[in-house]
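A.B. asks: File name coords.tsv; file contents TSV, N, CA and C atoms; full text below.
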chain	number	residue	atom	x	y	z
S	1	GLN	N	-3.34	-19.41	-12.57
S	1	GLN	CA	-3.03	-18.16	-13.27
S	1	GLN	C	-2.95	-17.03	-12.25
S	2	VAL	N	-1.82	-16.36	-12.23
S	2	VAL	CA	-1.62	-15.27	-11.28
S	2	VAL	C	-2.45	-14.06	-11.70
S	3	GLN	N	-3.13	-13.50	-10.73
S	3	GLN	CA	-3.89	-12.27	-10.97
S	3	GLN	C	-3.59	-11.27	-9.86
S	4	LEU	N	-3.48	-10.02	-10.25
S	4	LEU	CA	-3.29	-8.92	-9.31
S	4	LEU	C	-4.41	-7.93	-9.55
S	5	VAL	N	-5.14	-7.61	-8.51
S	5	VAL	CA	-6.28	-6.69	-8.65
S	5	VAL	C	-6.06	-5.51	-7.73
S	6	GLU	N	-5.89	-4.34	-8.35
S	6	GLU	CA	-5.67	-3.10	-7.59
S	6	GLU	C	-7.00	-2.39	-7.36
S	7	SER	N	-7.05	-1.64	-6.29
S	7	SER	CA	-8.21	-0.80	-6.01
S	7	SER	C	-7.77	0.35	-5.13
S	8	GLY	N	-8.63	1.37	-5.04
S	8	GLY	CA	-8.38	2.48	-4.13
S	8	GLY	C	-7.96	3.78	-4.77
S	9	GLY	N	-7.76	3.77	-6.07
S	9	GLY	CA	-7.39	5.02	-6.73
S	9	GLY	C	-8.55	5.99	-6.77
S	10	GLY	N	-8.27	7.20	-7.24
S	10	GLY	CA	-9.32	8.19	-7.35
S	10	GLY	C	-8.78	9.59	-7.48
S	11	LEU	N	-9.67	10.54	-7.30
S	11	LEU	CA	-9.34	11.96	-7.38
S	11	LEU	C	-9.31	12.54	-5.97
S	12	VAL	N	-8.24	13.24	-5.67
S	12	VAL	CA	-8.08	13.83	-4.34
S	12	VAL	C	-7.40	15.18	-4.48
S	13	GLN	N	-7.68	16.07	-3.54
S	13	GLN	CA	-7.01	17.37	-3.55
S	13	GLN	C	-5.61	17.25	-2.97
S	14	ALA	N	-4.76	18.16	-3.36
S	14	ALA	CA	-3.41	18.20	-2.81
S	14	ALA	C	-3.48	18.26	-1.28
S	15	GLY	N	-2.62	17.49	-0.64
S	15	GLY	CA	-2.63	17.39	0.81
S	15	GLY	C	-3.49	16.28	1.35
S	16	GLY	N	-4.28	15.68	0.49
S	16	GLY	CA	-5.16	14.60	0.90
S	16	GLY	C	-4.47	13.25	0.94
S	17	SER	N	-5.26	12.21	1.20
S	17	SER	CA	-4.73	10.86	1.35
S	17	SER	C	-5.55	9.87	0.54
S	18	LEU	N	-4.89	8.80	0.14
S	18	LEU	CA	-5.52	7.66	-0.49
S	18	LEU	C	-4.84	6.40	-0.01
S	19	ARG	N	-5.59	5.30	-0.03
S	19	ARG	CA	-5.02	4.01	0.30
S	19	ARG	C	-5.30	3.05	-0.85
S	20	LEU	N	-4.22	2.55	-1.45
S	20	LEU	CA	-4.33	1.58	-2.53
S	20	LEU	C	-4.20	0.17	-1.97
S	21	SER	N	-4.91	-0.76	-2.60
S	21	SER	CA	-4.82	-2.16	-2.24
S	21	SER	C	-4.52	-2.98	-3.49
S	22	CYS	N	-3.78	-4.07	-3.30
S	22	CYS	CA	-3.50	-4.99	-4.40
S	22	CYS	C	-3.65	-6.40	-3.85
S	23	ALA	N	-4.65	-7.11	-4.35
S	23	ALA	CA	-4.90	-8.48	-3.93
S	23	ALA	C	-4.36	-9.43	-4.99
S	24	ALA	N	-3.47	-10.33	-4.57
S	24	ALA	CA	-2.85	-11.28	-5.48
S	24	ALA	C	-3.45	-12.67	-5.28
S	25	SER	N	-3.54	-13.41	-6.36
S	25	SER	CA	-4.06	-14.77	-6.28
S	25	SER	C	-3.45	-15.62	-7.38
S	26	GLY	N	-3.61	-16.94	-7.24
S	26	GLY	CA	-3.23	-17.84	-8.31
S	26	GLY	C	-1.84	-18.41	-8.25
S	27	SER	N	-1.12	-18.23	-7.14
S	27	SER	CA	0.22	-18.80	-7.02
S	27	SER	C	0.28	-19.78	-5.87
S	28	ALA	N	0.56	-21.03	-6.20
S	28	ALA	CA	0.71	-22.05	-5.16
S	28	ALA	C	2.02	-21.88	-4.40
S	29	LEU	N	2.94	-21.11	-4.97
S	29	LEU	CA	4.25	-20.89	-4.35
S	29	LEU	C	4.29	-19.61	-3.52
S	30	GLY	N	3.16	-18.92	-3.48
S	30	GLY	CA	3.14	-17.65	-2.76
S	30	GLY	C	3.77	-16.55	-3.57
S	31	PHE	N	3.99	-15.43	-2.93
S	31	PHE	CA	4.55	-14.26	-3.61
S	31	PHE	C	5.76	-13.76	-2.84
S	32	ASN	N	6.80	-13.45	-3.55
S	32	ASN	CA	8.01	-12.93	-2.93
S	32	ASN	C	7.87	-11.43	-2.76
S	33	VAL	N	8.71	-10.67	-3.45
S	33	VAL	CA	8.61	-9.22	-3.36
S	33	VAL	C	7.36	-8.74	-4.09
S	34	MET	N	6.64	-7.83	-3.47
S	34	MET	CA	5.51	-7.17	-4.11
S	34	MET	C	5.71	-5.68	-3.98
S	35	GLY	N	5.21	-4.95	-4.96
S	35	GLY	CA	5.46	-3.52	-4.89
S	35	GLY	C	4.50	-2.68	-5.71
S	36	TRP	N	4.65	-1.40	-5.56
S	36	TRP	CA	3.87	-0.41	-6.29
S	36	TRP	C	4.80	0.39	-7.20
S	37	TYR	N	4.35	0.56	-8.42
S	37	TYR	CA	5.04	1.38	-9.40
S	37	TYR	C	4.02	2.38	-9.93
S	38	ARG	N	4.50	3.44	-10.57
S	38	ARG	CA	3.58	4.39	-11.16
S	38	ARG	C	4.12	4.90	-12.49
S	39	GLN	N	3.19	5.33	-13.32
S	39	GLN	CA	3.57	5.85	-14.62
S	39	GLN	C	2.70	7.05	-14.94
S	40	ALA	N	3.34	8.19	-15.05
S	40	ALA	CA	2.66	9.42	-15.45
S	40	ALA	C	2.70	9.53	-16.97
S	41	PRO	N	1.80	10.30	-17.56
S	41	PRO	CA	1.78	10.45	-19.03
S	41	PRO	C	3.13	10.92	-19.57
S	42	GLY	N	3.64	10.23	-20.56
S	42	GLY	CA	4.90	10.60	-21.18
S	42	GLY	C	6.13	10.25	-20.39
S	43	MET	N	5.94	9.55	-19.28
S	43	MET	CA	7.07	9.22	-18.41
S	43	MET	C	7.24	7.71	-18.34
S	44	GLN	N	8.42	7.29	-17.90
S	44	GLN	CA	8.67	5.87	-17.70
S	44	GLN	C	8.04	5.41	-16.39
S	45	ARG	N	7.71	4.13	-16.34
S	45	ARG	CA	7.20	3.55	-15.11
S	45	ARG	C	8.33	3.55	-14.08
S	46	GLU	N	7.98	3.92	-12.85
S	46	GLU	CA	9.00	4.02	-11.82
S	46	GLU	C	8.55	3.36	-10.53
S	47	LEU	N	9.51	2.91	-9.77
S	47	LEU	CA	9.22	2.30	-8.47
S	47	LEU	C	8.72	3.36	-7.49
S	48	VAL	N	7.69	3.00	-6.74
S	48	VAL	CA	7.24	3.84	-5.64
S	48	VAL	C	7.68	3.22	-4.31
S	49	ALA	N	7.34	1.95	-4.13
S	49	ALA	CA	7.72	1.24	-2.90
S	49	ALA	C	7.54	-0.26	-3.13
S	50	ARG	N	8.33	-1.05	-2.40
S	50	ARG	CA	8.16	-2.49	-2.49
S	50	ARG	C	8.45	-3.11	-1.14
S	51	ILE	N	7.95	-4.33	-0.98
S	51	ILE	CA	8.04	-5.01	0.31
S	51	ILE	C	8.25	-6.49	0.07
S	52	SER	N	9.16	-7.07	0.84
S	52	SER	CA	9.43	-8.50	0.72
S	52	SER	C	8.42	-9.29	1.53
S	53	SER	N	8.43	-10.59	1.37
S	53	SER	CA	7.53	-11.44	2.14
S	53	SER	C	7.86	-11.38	3.64
S	54	ALA	N	9.10	-10.99	3.95
S	54	ALA	CA	9.50	-10.87	5.35
S	54	ALA	C	9.21	-9.49	5.92
S	55	GLY	N	8.73	-8.59	5.06
S	55	GLY	CA	8.38	-7.26	5.53
S	55	GLY	C	9.43	-6.19	5.34
S	56	ARG	N	10.50	-6.53	4.65
S	56	ARG	CA	11.53	-5.52	4.37
S	56	ARG	C	11.01	-4.57	3.30
S	57	THR	N	11.17	-3.27	3.53
S	57	THR	CA	10.60	-2.28	2.62
S	57	THR	C	11.68	-1.44	1.95
S	58	GLU	N	11.32	-0.89	0.81
S	58	GLU	CA	12.18	0.02	0.06
S	58	GLU	C	11.28	1.07	-0.56
S	59	TYR	N	11.70	2.34	-0.49
S	59	TYR	CA	10.91	3.44	-1.01
S	59	TYR	C	11.72	4.28	-1.99
S	60	ALA	N	11.02	4.83	-2.96
S	60	ALA	CA	11.61	5.87	-3.79
S	60	ALA	C	11.76	7.13	-2.93
S	61	ASP	N	12.72	7.96	-3.28
S	61	ASP	CA	12.93	9.18	-2.50
S	61	ASP	C	11.66	10.03	-2.46
S	62	SER	N	10.91	10.05	-3.55
S	62	SER	CA	9.71	10.86	-3.63
S	62	SER	C	8.61	10.36	-2.69
S	63	ALA	N	8.71	9.12	-2.26
S	63	ALA	CA	7.68	8.52	-1.40
S	63	ALA	C	8.06	8.53	0.08
S	64	LYS	N	9.31	8.67	0.37
S	64	LYS	CA	9.77	8.60	1.76
S	64	LYS	C	9.11	9.69	2.61
S	65	GLY	N	8.60	9.28	3.75
S	65	GLY	CA	7.98	10.22	4.68
S	65	GLY	C	6.53	10.51	4.40
S	66	ARG	N	6.03	10.13	3.23
S	66	ARG	CA	4.62	10.38	2.89
S	66	ARG	C	3.84	9.09	2.62
S	67	PHE	N	4.49	8.10	2.06
S	67	PHE	CA	3.83	6.85	1.70
S	67	PHE	C	4.31	5.72	2.61
S	68	THR	N	3.40	4.79	2.88
S	68	THR	CA	3.75	3.62	3.67
S	68	THR	C	3.21	2.37	2.98
S	69	ILE	N	4.11	1.44	2.70
S	69	ILE	CA	3.69	0.17	2.12
S	69	ILE	C	3.58	-0.86	3.24
S	70	SER	N	2.56	-1.70	3.15
S	70	SER	CA	2.38	-2.76	4.13
S	70	SER	C	1.85	-4.01	3.42
S	71	ARG	N	1.83	-5.09	4.19
S	71	ARG	CA	1.51	-6.36	3.55
S	71	ARG	C	0.80	-7.27	4.53
S	72	ASP	N	-0.21	-7.98	4.02
S	72	ASP	CA	-0.90	-9.02	4.78
S	72	ASP	C	-0.66	-10.33	4.04
S	73	ASN	N	0.29	-11.12	4.51
S	73	ASN	CA	0.66	-12.35	3.81
S	73	ASN	C	-0.49	-13.36	3.80
S	74	ALA	N	-1.30	-13.36	4.83
S	74	ALA	CA	-2.42	-14.31	4.89
S	74	ALA	C	-3.42	-14.05	3.77
S	75	LYS	N	-3.50	-12.79	3.35
S	75	LYS	CA	-4.44	-12.41	2.29
S	75	LYS	C	-3.75	-12.18	0.96
S	76	ASN	N	-2.42	-12.34	0.92
S	76	ASN	CA	-1.64	-12.03	-0.30
S	76	ASN	C	-2.00	-10.64	-0.82
S	77	THR	N	-2.04	-9.70	0.08
S	77	THR	CA	-2.46	-8.34	-0.27
S	77	THR	C	-1.44	-7.34	0.24
S	78	ILE	N	-1.15	-6.36	-0.60
S	78	ILE	CA	-0.33	-5.25	-0.15
S	78	ILE	C	-1.14	-3.96	-0.22
S	79	TYR	N	-0.68	-3.00	0.55
S	79	TYR	CA	-1.36	-1.72	0.64
S	79	TYR	C	-0.34	-0.60	0.46
S	80	LEU	N	-0.83	0.52	-0.02
S	80	LEU	CA	0.00	1.71	-0.09
S	80	LEU	C	-0.81	2.86	0.48
S	81	GLN	N	-0.44	3.28	1.67
S	81	GLN	CA	-1.06	4.45	2.29
S	81	GLN	C	-0.31	5.68	1.81
S	82	MET	N	-1.01	6.57	1.14
S	82	MET	CA	-0.39	7.76	0.58
S	82	MET	C	-0.97	8.99	1.27
S	83	ASN	N	-0.11	9.73	1.95
S	83	ASN	CA	-0.52	10.94	2.66
S	83	ASN	C	0.15	12.15	2.04
S	84	ASN	N	-0.42	13.32	2.33
S	84	ASN	CA	0.14	14.57	1.82
S	84	ASN	C	0.41	14.48	0.32
S	85	LEU	N	-0.60	14.06	-0.41
S	85	LEU	CA	-0.44	13.88	-1.85
S	85	LEU	C	-0.21	15.20	-2.55
S	86	LYS	N	0.57	15.14	-3.62
S	86	LYS	CA	0.94	16.32	-4.40
S	86	LYS	C	0.50	16.11	-5.85
S	87	PRO	N	0.29	17.19	-6.59
S	87	PRO	CA	-0.10	17.03	-8.00
S	87	PRO	C	0.87	16.16	-8.79
S	88	GLU	N	2.14	16.20	-8.44
S	88	GLU	CA	3.13	15.39	-9.16
S	88	GLU	C	3.03	13.90	-8.85
S	89	ASP	N	2.16	13.53	-7.91
S	89	ASP	CA	1.90	12.12	-7.64
S	89	ASP	C	0.86	11.55	-8.62
S	90	THR	N	0.27	12.40	-9.42
S	90	THR	CA	-0.72	11.96	-10.40
S	90	THR	C	-0.10	10.97	-11.39
S	91	ALA	N	-0.70	9.80	-11.48
S	91	ALA	CA	-0.18	8.73	-12.33
S	91	ALA	C	-1.11	7.53	-12.27
S	92	VAL	N	-0.85	6.57	-13.13
S	92	VAL	CA	-1.46	5.25	-12.97
S	92	VAL	C	-0.54	4.44	-12.08
S	93	TYR	N	-1.09	3.88	-11.04
S	93	TYR	CA	-0.31	3.09	-10.08
S	93	TYR	C	-0.54	1.61	-10.37
S	94	TYR	N	0.57	0.89	-10.50
S	94	TYR	CA	0.53	-0.53	-10.83
S	94	TYR	C	1.12	-1.35	-9.70
S	95	CYS	N	0.51	-2.48	-9.46
S	95	CYS	CA	1.02	-3.45	-8.52
S	95	CYS	C	1.87	-4.47	-9.29
S	96	LYS	N	2.97	-4.88	-8.70
S	96	LYS	CA	3.86	-5.88	-9.30
S	96	LYS	C	4.18	-6.93	-8.26
S	97	ALA	N	4.18	-8.18	-8.69
S	97	ALA	CA	4.47	-9.27	-7.77
S	97	ALA	C	5.46	-10.25	-8.40
S	98	GLN	N	6.32	-10.78	-7.56
S	98	GLN	CA	7.30	-11.76	-8.01
S	98	GLN	C	6.92	-13.14	-7.48
S	99	VAL	N	6.95	-14.13	-8.38
S	99	VAL	CA	6.77	-15.52	-8.00
S	99	VAL	C	8.00	-16.27	-8.50
S	100	VAL	N	8.88	-16.62	-7.59
S	100	VAL	CA	10.17	-17.24	-7.92
S	100	VAL	C	10.92	-16.28	-8.86
S	101	LEU	N	11.05	-16.62	-10.14
S	101	LEU	CA	11.77	-15.75	-11.08
S	101	LEU	C	10.84	-15.08	-12.09
S	102	SER	N	9.54	-15.16	-11.87
S	102	SER	CA	8.58	-14.54	-12.78
S	102	SER	C	7.95	-13.31	-12.12
S	103	PHE	N	7.57	-12.36	-12.98
S	103	PHE	CA	6.99	-11.11	-12.50
S	103	PHE	C	5.63	-10.89	-13.16
S	104	TYR	N	4.71	-10.34	-12.37
S	104	TYR	CA	3.37	-10.11	-12.84
S	104	TYR	C	2.93	-8.70	-12.48
S	105	TRP	N	2.08	-8.14	-13.37
S	105	TRP	CA	1.58	-6.79	-13.17
S	105	TRP	C	0.07	-6.78	-13.06
S	106	GLY	N	-0.45	-5.85	-12.29
S	106	GLY	CA	-1.88	-5.59	-12.26
S	106	GLY	C	-2.26	-4.66	-13.40
S	107	GLN	N	-3.54	-4.35	-13.48
S	107	GLN	CA	-4.04	-3.55	-14.59
S	107	GLN	C	-3.87	-2.05	-14.35
S	108	GLY	N	-3.58	-1.68	-13.12
S	108	GLY	CA	-3.35	-0.27	-12.80
S	108	GLY	C	-4.58	0.42	-12.25
S	109	THR	N	-4.34	1.41	-11.42
S	109	THR	CA	-5.42	2.24	-10.89
S	109	THR	C	-4.98	3.70	-10.95
S	110	GLN	N	-5.89	4.55	-11.41
S	110	GLN	CA	-5.55	5.96	-11.63
S	110	GLN	C	-5.61	6.73	-10.32
S	111	VAL	N	-4.58	7.50	-10.08
S	111	VAL	CA	-4.55	8.44	-8.96
S	111	VAL	C	-4.37	9.84	-9.55
S	112	THR	N	-5.28	10.73	-9.24
S	112	THR	CA	-5.22	12.09	-9.73
S	112	THR	C	-5.28	13.05	-8.55
S	113	VAL	N	-4.28	13.90	-8.46
S	113	VAL	CA	-4.20	14.86	-7.36
S	113	VAL	C	-4.36	16.26	-7.94
S	114	SER	N	-5.40	16.94	-7.52
S	114	SER	CA	-5.65	18.29	-8.03
S	114	SER	C	-5.01	19.33	-7.11
S	115	SER	N	-4.61	20.43	-7.73
S	115	SER	CA	-3.93	21.49	-6.96
S	115	SER	C	-4.93	22.49	-6.42
Using structure tokens, write down the structure that the file contains.

C.D. replies:
Amino acid sequence: QVQLVESGGGLVQAGGSLRLSCAASGSALGFNVMGWYRQAPGMQRELVARISSAGRTEYADSAKGRFTISRDNAKNTIYLQMNNLKPEDTAVYYCKAQVVLSFYWGQGTQVTVSS
């Protein structure tokens, strides 16, 4: 059974930094693309950044230059380093992982940025 466990969320002041982690387990086939999405109240869930098993990355425009996604394949873990956080980054951040043609979500971690 695939499980994704996120950690690292919290409350931070504008301009601060947070590092999110997502540890994946339960797939004998490994994990293909893994990524971070976020959902603010009343808004649709949106892509923040994603990374392939080969290390190819893709970022939302809002994340470019401030966020960095990375991956440790040996640990099936991805990270999201978030710098220069803004109040508009406040959301629940979800980890998503692909196994062949199936997709799995974590339970989410709250990130709140105060002004």

A.B. asks: Which residues are near S:Asn84? Cut-off 9 Å, only C-alpha atoms, ignore same chain within fewer than 6 positions. Put them as a ChimeraX atom specification.

C.D. replies: /S:14-17,66-67

A.B. asks: Atom CA of S:Met82 and atom C of S:Gly26, how far apart in Å?

C.D. replies: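 Between these atoms lies a distance of 27.7 Å.
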
A.B. asks: Near S:Val5, within 8 Å and counting only N, CA and C atoms, which residues show up once chain neighbours fewer than 3 positions away are dropped, as a tab-separated table (two decimals) with N, CA and C atoms, in the coordinates of the input?

C.D. replies:
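In the end it all went to part28.tsv:
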chain	number	residue	atom	x	y	z
S	2	VAL	N	-1.82	-16.36	-12.23
S	2	VAL	CA	-1.62	-15.27	-11.28
S	2	VAL	C	-2.45	-14.06	-11.70
S	8	GLY	N	-8.63	1.37	-5.04
S	8	GLY	CA	-8.38	2.48	-4.13
S	8	GLY	C	-7.96	3.78	-4.77
S	21	SER	N	-4.91	-0.76	-2.60
S	21	SER	CA	-4.82	-2.16	-2.24
S	21	SER	C	-4.52	-2.98	-3.49
S	22	CYS	N	-3.78	-4.07	-3.30
S	22	CYS	CA	-3.50	-4.99	-4.40
S	22	CYS	C	-3.65	-6.40	-3.85
S	23	ALA	N	-4.65	-7.11	-4.35
S	23	ALA	CA	-4.90	-8.48	-3.93
S	23	ALA	C	-4.36	-9.43	-4.99
S	24	ALA	N	-3.47	-10.33	-4.57
S	24	ALA	CA	-2.85	-11.28	-5.48
S	24	ALA	C	-3.45	-12.67	-5.28
S	25	SER	N	-3.54	-13.41	-6.36
S	25	SER	CA	-4.06	-14.77	-6.28
S	25	SER	C	-3.45	-15.62	-7.38
S	95	CYS	N	0.51	-2.48	-9.46
S	95	CYS	CA	1.02	-3.45	-8.52
S	95	CYS	C	1.87	-4.47	-9.29
S	105	TRP	N	2.08	-8.14	-13.37
S	105	TRP	CA	1.58	-6.79	-13.17
S	105	TRP	C	0.07	-6.78	-13.06
S	106	GLY	N	-0.45	-5.85	-12.29
S	106	GLY	CA	-1.88	-5.59	-12.26
S	106	GLY	C	-2.26	-4.66	-13.40
S	107	GLN	N	-3.54	-4.35	-13.48
S	107	GLN	CA	-4.04	-3.55	-14.59
S	107	GLN	C	-3.87	-2.05	-14.35
S	108	GLY	N	-3.58	-1.68	-13.12
S	108	GLY	CA	-3.35	-0.27	-12.80
S	108	GLY	C	-4.58	0.42	-12.25

A.B. asks: Which of these residues is nearest to S:Glu88, using all atoms listed in the file: S:Ser115, S:Ala54, S:Gly9, S:Thr68?

C.D. replies: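 Of all the options, S:Ser115 lies closest to S:Glu88.
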
A.B. asks: Under the rule that only C-alpha atoms are counted, which of S:Gln98, S:Arg56, S:Thr77, S:Tyr93 is the nearest residue to S:Pro41?

C.D. replies: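 When distances to S:Pro41 are compared using only C-alpha atoms, the smallest one comes from S:Tyr93.
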
A.B. asks: For a quick check of understanding, using all atoms listed in the file, which of S:Leu20, S:Lys64, S:Ala28, S:Thr109 has the smallest distance to S:Tyr79?

C.D. replies: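 Nearest to S:Tyr79: S:Leu20.
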
A.B. asks: Counting only C-alpha atoms, which of S:Glu46, S:Asn32, S:Ile51, S:Leu80 gets nearest to S:Leu101?

C.D. replies: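 Result for the nearest residue to S:Leu101: S:Asn32.
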
A.B. asks: Would you mind reading off the distance between atom C of S:Val92 and atom N of S:Glu58, one decimal, in Å?

C.D. replies: 18.3 Å

A.B. asks: For S:Arg38, which of S:Lys96, S:Tyr104, S:Leu11, S:Arg71 is the closest residue, counting only C-alpha atoms?

C.D. replies: S:Lys96

A.B. asks: How many Å lie between atom C of S:Ala49 and atom C of S:Ile69, rounded to one decimal?

C.D. replies: 7.5 Å

A.B. asks: Quick one: everything within 7 Å of S:Ala97, counting only C-alpha atoms, minus sequence neighbours fewer than 4 positions away in the same chain. Send it as a count of residues only.

C.D. replies: 7

A.B. asks: Mind listing whatever residues come within 6 Å of the point (4.9, 14.7, -5.8)? Use all atoms listed in the file, file coordinates, and give them as a ChimeraX atom specification.

C.D. replies: /S:86-89

A.B. asks: Pick from S:Ser62, S:Thr90, S:Ser27, S:Gln39: nearest to S:Ser114, with all atoms listed in the file counted?

C.D. replies: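 Nearest to S:Ser114: S:Thr90.
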
A.B. asks: From the DSSP assignment of the backbone, select every residue of chain S that is strand (DSSP E), and format the answer as a PyMOL selection string.

C.D. replies: chain S and resi 3-7+10-13+18-25+34-39+46-51+57-59+67-72+77-82+91-99+102-105+109-114

A.B. asks: Once 8 Å is added on each side, what are the centre and the three edge lengths, in Å to one decimal, of the axis-aligned box enclosing the listed atoms of stretch 50-61 of chain S? Present them as AutoDock Vina command-line options.

C.D. replies:
--center_x 10.2 --center_y -0.7 --center_z 1.1 --size_x 21.4 --size_y 37.5 --size_z 25.7

A.B. asks: Could stretch 64-78 of chain S be completed with N, CA, C and O atoms and returned as a short mmCIF file (atom, residue, chain, number, x, y, z; two decimals), in the frame of the given file?

C.D. replies:
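The resulting file, selection_38.cif, is shown below:
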data_model
loop_
_atom_site.label_atom_id
_atom_site.label_comp_id
_atom_site.auth_asym_id
_atom_site.auth_seq_id
_atom_site.Cartn_x
_atom_site.Cartn_y
_atom_site.Cartn_z
N LYS S 64 9.31 8.67 0.37
CA LYS S 64 9.77 8.60 1.76
C LYS S 64 9.11 9.69 2.61
O LYS S 64 9.06 10.86 2.24
N GLY S 65 8.60 9.28 3.75
CA GLY S 65 7.98 10.22 4.68
C GLY S 65 6.53 10.51 4.40
O GLY S 65 5.83 11.11 5.24
N ARG S 66 6.03 10.13 3.23
CA ARG S 66 4.62 10.38 2.89
C ARG S 66 3.84 9.09 2.62
O ARG S 66 2.65 9.03 2.92
N PHE S 67 4.49 8.10 2.06
CA PHE S 67 3.83 6.85 1.70
C PHE S 67 4.31 5.72 2.61
O PHE S 67 5.47 5.71 3.02
N THR S 68 3.40 4.79 2.88
CA THR S 68 3.75 3.62 3.67
C THR S 68 3.21 2.37 2.98
O THR S 68 2.01 2.29 2.70
N ILE S 69 4.11 1.44 2.70
CA ILE S 69 3.69 0.17 2.12
C ILE S 69 3.58 -0.86 3.24
O ILE S 69 4.39 -0.88 4.17
N SER S 70 2.56 -1.70 3.15
CA SER S 70 2.38 -2.76 4.13
C SER S 70 1.85 -4.01 3.42
O SER S 70 1.45 -3.94 2.25
N ARG S 71 1.83 -5.09 4.19
CA ARG S 71 1.51 -6.36 3.55
C ARG S 71 0.80 -7.27 4.53
O ARG S 71 1.16 -7.33 5.71
N ASP S 72 -0.21 -7.98 4.02
CA ASP S 72 -0.90 -9.02 4.78
C ASP S 72 -0.66 -10.33 4.04
O ASP S 72 -1.32 -10.62 3.03
N ASN S 73 0.29 -11.12 4.51
CA ASN S 73 0.66 -12.35 3.81
C ASN S 73 -0.49 -13.36 3.80
O ASN S 73 -0.61 -14.15 2.87
N ALA S 74 -1.30 -13.36 4.83
CA ALA S 74 -2.42 -14.31 4.89
C ALA S 74 -3.42 -14.05 3.77
O ALA S 74 -4.09 -14.96 3.30
N LYS S 75 -3.50 -12.79 3.35
CA LYS S 75 -4.44 -12.41 2.29
C LYS S 75 -3.75 -12.18 0.96
O LYS S 75 -4.41 -11.83 -0.03
N ASN S 76 -2.42 -12.34 0.92
CA ASN S 76 -1.64 -12.03 -0.30
C ASN S 76 -2.00 -10.64 -0.82
O ASN S 76 -2.21 -10.46 -2.03
N THR S 77 -2.04 -9.70 0.08
CA THR S 77 -2.46 -8.34 -0.27
C THR S 77 -1.44 -7.34 0.24
O THR S 77 -0.91 -7.49 1.35
N ILE S 78 -1.15 -6.36 -0.60
CA ILE S 78 -0.33 -5.25 -0.15
C ILE S 78 -1.14 -3.96 -0.22
O ILE S 78 -2.13 -3.87 -0.96
#
